[in-house]
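**Student:** This structure is in C-alpha cells; I'll ask about it shortly.
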Amino acid sequence: MAEFTLRIEGMHCGSCIRRVTEALAATPTVHVKEVRLGAARIESDQVPAPIDRALAVIQKAGYSAHLDSVGGTNPTHAE
C-alpha cells in the first residue's frame with residue numbers, strides 16, 4: 001500500500017479536521033491514516049493511486065490541497 005501526505009490550507013479547528021476526515025473516508029480506495037491541521041496522511045492500494053480524487057474531495061469540502069510527499073519523500077525533490 002502506498003502512503004501519501006497531502007498539504008491542506010484553510011483548516012483552523014477540530015470541525016475542519018472532522019470535515020476533511022469524513023470527506024476522505026467516503027472516497028473509494030482511500031484509507032485515512034491521520035488528519036491534522038494543515039495535512040492529511042492517506043494510503044491507497046489502487047494503481048495509479050487516486051490522488052486527484054482525494055484532492056478533489058478536499059477542495060469540494062472547502063479547502064485547498066496539494067500532494068506534499070509520497071511514501072515519505074517529496075515528489076518535487078525526488079531524484
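Ordering of the C-alpha cells sets the chain letters (A, B, ...); residue numbers start at 1 within each chain; ligands are numbered from 1 in the order shown.
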Identify, with DSSP run on backbone atoms, the residues in chain A assigned to strand (DSSP E), and express the list as a VMD selection string.

**Tutor:** chain A and resid 2 to 9 31 to 36 39 to 44 64 to 70

**Student:** Export, as an mmCIF file, in the first residue's frame, the selected residues with C-alpha atoms.

**Tutor:**
```
data_model
loop_
_atom_site.group_PDB
_atom_site.id
_atom_site.type_symbol
_atom_site.label_atom_id
_atom_site.label_comp_id
_atom_site.auth_asym_id
_atom_site.auth_seq_id
_atom_site.Cartn_x
_atom_site.Cartn_y
_atom_site.Cartn_z
ATOM 1 C CA ALA A 2 1.369 3.433 -0.924
ATOM 2 C CA GLU A 3 1.269 6.285 1.563
ATOM 3 C CA PHE A 4 0.802 9.946 0.659
ATOM 4 C CA THR A 5 0.860 13.209 2.581
ATOM 5 C CA LEU A 6 -1.438 15.966 1.408
ATOM 6 C CA ARG A 7 -0.843 19.590 2.441
ATOM 7 C CA ILE A 8 -4.181 21.296 3.192
ATOM 8 C CA GLU A 9 -4.750 25.028 3.502
ATOM 9 C CA HIS A 31 -7.647 4.888 3.578
ATOM 10 C CA VAL A 32 -7.222 7.719 6.076
ATOM 11 C CA LYS A 33 -4.166 7.324 8.323
ATOM 12 C CA GLU A 34 -4.244 10.753 10.002
ATOM 13 C CA VAL A 35 -5.762 14.194 9.518
ATOM 14 C CA ARG A 36 -4.430 17.162 11.450
ATOM 15 C CA ALA A 39 -2.139 17.973 6.490
ATOM 16 C CA ALA A 40 -3.548 14.522 5.909
ATOM 17 C CA ARG A 41 -1.806 11.158 5.554
ATOM 18 C CA ILE A 42 -3.635 8.653 3.387
ATOM 19 C CA GLU A 43 -2.943 5.236 1.909
ATOM 20 C CA SER A 44 -4.192 3.517 -1.203
ATOM 21 C CA SER A 64 -7.202 23.877 -0.987
ATOM 22 C CA ALA A 65 -4.814 20.937 -1.086
ATOM 23 C CA HIS A 66 -1.790 19.565 -2.923
ATOM 24 C CA LEU A 67 0.395 16.478 -2.783
ATOM 25 C CA ASP A 68 3.241 17.051 -0.326
ATOM 26 C CA SER A 69 5.017 13.670 -0.235
ATOM 27 C CA VAL A 70 4.816 10.117 -1.475
#
```

**Student:** Taking the DSSP assignment computed from this structure's backbone, write out as a list in words all residues of chain A that belong to helix (DSSP H, G or I).

**Tutor:**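 Written out, the helix (DSSP H, G or I) residues of chain A are Gly14, Ser15, Cys16, Ile17, Arg18, Arg19, Val20, Thr21, Glu22, Ala23, Leu24, Ala25, Ile51, Asp52, Arg53, Ala54, Leu55, Ala56, Val57, Ile58, Gln59 and Lys60 of chain A.
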
**Student:** Find the residue from A:Gly71, A:Arg19, A:Met11, A:Thr29 that sits nearest to Val47 (chain A); use only C-alpha atoms when measuring.

**Tutor:**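 Among the listed residues, the smallest separation from Val47 (chain A) belongs to A:Thr29.
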
**Student:** I'd like the neighbourhood of Leu24 (chain A) as a VMD selection string, where a residue qualifies if any of its atoms comes within 9 Å (using only C-alpha atoms), though same-chain residues fewer than 2 positions away should be ignored.

**Tutor:** chain A and resid 19 to 22 26 to 28 30 to 32 42 54 to 55 57 to 58

**Student:** Could you write out the selected residues, including N, CA and C atoms, as a PDB file, in the first residue's frame?

**Tutor:**
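Resulting contents of selection.pdb:
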```pdb
ATOM      1  N   ARG A  19     -14.397  17.431   9.048  1.00  0.00           N
ATOM      2  CA  ARG A  19     -14.950  17.570   7.693  1.00  0.00           C
ATOM      3  C   ARG A  19     -14.034  16.912   6.660  1.00  0.00           C
ATOM      4  N   VAL A  20     -12.725  17.149   6.761  1.00  0.00           N
ATOM      5  CA  VAL A  20     -11.766  16.554   5.821  1.00  0.00           C
ATOM      6  C   VAL A  20     -11.688  15.037   6.022  1.00  0.00           C
ATOM      7  N   THR A  21     -11.660  14.608   7.272  1.00  0.00           N
ATOM      8  CA  THR A  21     -11.605  13.168   7.567  1.00  0.00           C
ATOM      9  C   THR A  21     -12.806  12.453   6.962  1.00  0.00           C
ATOM     10  N   GLU A  22     -13.999  12.997   7.155  1.00  0.00           N
ATOM     11  CA  GLU A  22     -15.204  12.375   6.623  1.00  0.00           C
ATOM     12  C   GLU A  22     -15.205  12.367   5.093  1.00  0.00           C
ATOM     13  N   ALA A  26     -14.969   8.791   2.828  1.00  0.00           N
ATOM     14  CA  ALA A  26     -16.032   8.426   1.894  1.00  0.00           C
ATOM     15  C   ALA A  26     -15.506   8.220   0.470  1.00  0.00           C
ATOM     16  N   THR A  27     -14.208   8.404   0.265  1.00  0.00           N
ATOM     17  CA  THR A  27     -13.604   8.271  -1.062  1.00  0.00           C
ATOM     18  C   THR A  27     -13.149   6.831  -1.270  1.00  0.00           C
ATOM     19  N   PRO A  28     -13.693   6.152  -2.283  1.00  0.00           N
ATOM     20  CA  PRO A  28     -13.303   4.755  -2.527  1.00  0.00           C
ATOM     21  C   PRO A  28     -11.794   4.601  -2.740  1.00  0.00           C
ATOM     22  N   VAL A  30      -9.398   5.076  -0.786  1.00  0.00           N
ATOM     23  CA  VAL A  30      -8.560   5.948   0.039  1.00  0.00           C
ATOM     24  C   VAL A  30      -8.740   5.529   1.484  1.00  0.00           C
ATOM     25  N   HIS A  31      -7.636   5.270   2.169  1.00  0.00           N
ATOM     26  CA  HIS A  31      -7.647   4.888   3.578  1.00  0.00           C
ATOM     27  C   HIS A  31      -6.986   6.004   4.369  1.00  0.00           C
ATOM     28  N   VAL A  32      -7.720   6.596   5.291  1.00  0.00           N
ATOM     29  CA  VAL A  32      -7.222   7.719   6.076  1.00  0.00           C
ATOM     30  C   VAL A  32      -6.328   7.202   7.195  1.00  0.00           C
ATOM     31  N   ILE A  42      -2.711   9.657   3.906  1.00  0.00           N
ATOM     32  CA  ILE A  42      -3.635   8.653   3.387  1.00  0.00           C
ATOM     33  C   ILE A  42      -2.847   7.514   2.769  1.00  0.00           C
ATOM     34  N   ALA A  54      -8.726  12.348  -4.229  1.00  0.00           N
ATOM     35  CA  ALA A  54      -8.602  12.797  -2.837  1.00  0.00           C
ATOM     36  C   ALA A  54      -8.492  14.318  -2.764  1.00  0.00           C
ATOM     37  N   LEU A  55      -7.695  14.905  -3.660  1.00  0.00           N
ATOM     38  CA  LEU A  55      -7.562  16.365  -3.677  1.00  0.00           C
ATOM     39  C   LEU A  55      -8.893  17.024  -4.026  1.00  0.00           C
ATOM     40  N   VAL A  57     -11.985  15.902  -3.421  1.00  0.00           N
ATOM     41  CA  VAL A  57     -12.962  15.863  -2.322  1.00  0.00           C
ATOM     42  C   VAL A  57     -12.583  16.857  -1.227  1.00  0.00           C
ATOM     43  N   ILE A  58     -11.293  17.070  -1.036  1.00  0.00           N
ATOM     44  CA  ILE A  58     -10.862  18.085  -0.060  1.00  0.00           C
ATOM     45  C   ILE A  58     -11.270  19.472  -0.549  1.00  0.00           C
TER      46      ILE A  58
END
```

**Student:** One decimal, in Å: what's the spacing between CA of Gly10 (chain A) and CA of Gly38 (chain A)?

**Tutor:**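 These atoms are spaced 7.5 Å apart.
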
**Student:** When distances are computed from only C-alpha atoms, which of A:Ile51, A:Leu37, A:Ala25, A:Gln46 shows the smallest separation from Tyr63 (chain A)?

**Tutor:** A:Leu37

**Student:** How far is it from CA of Pro48 (chain A) to CA of Lys60 (chain A), in Å with one decimal?

**Tutor:**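 Straight-line distance from CA of Pro48 (chain A) to CA of Lys60 (chain A) works out to 21.5 Å.
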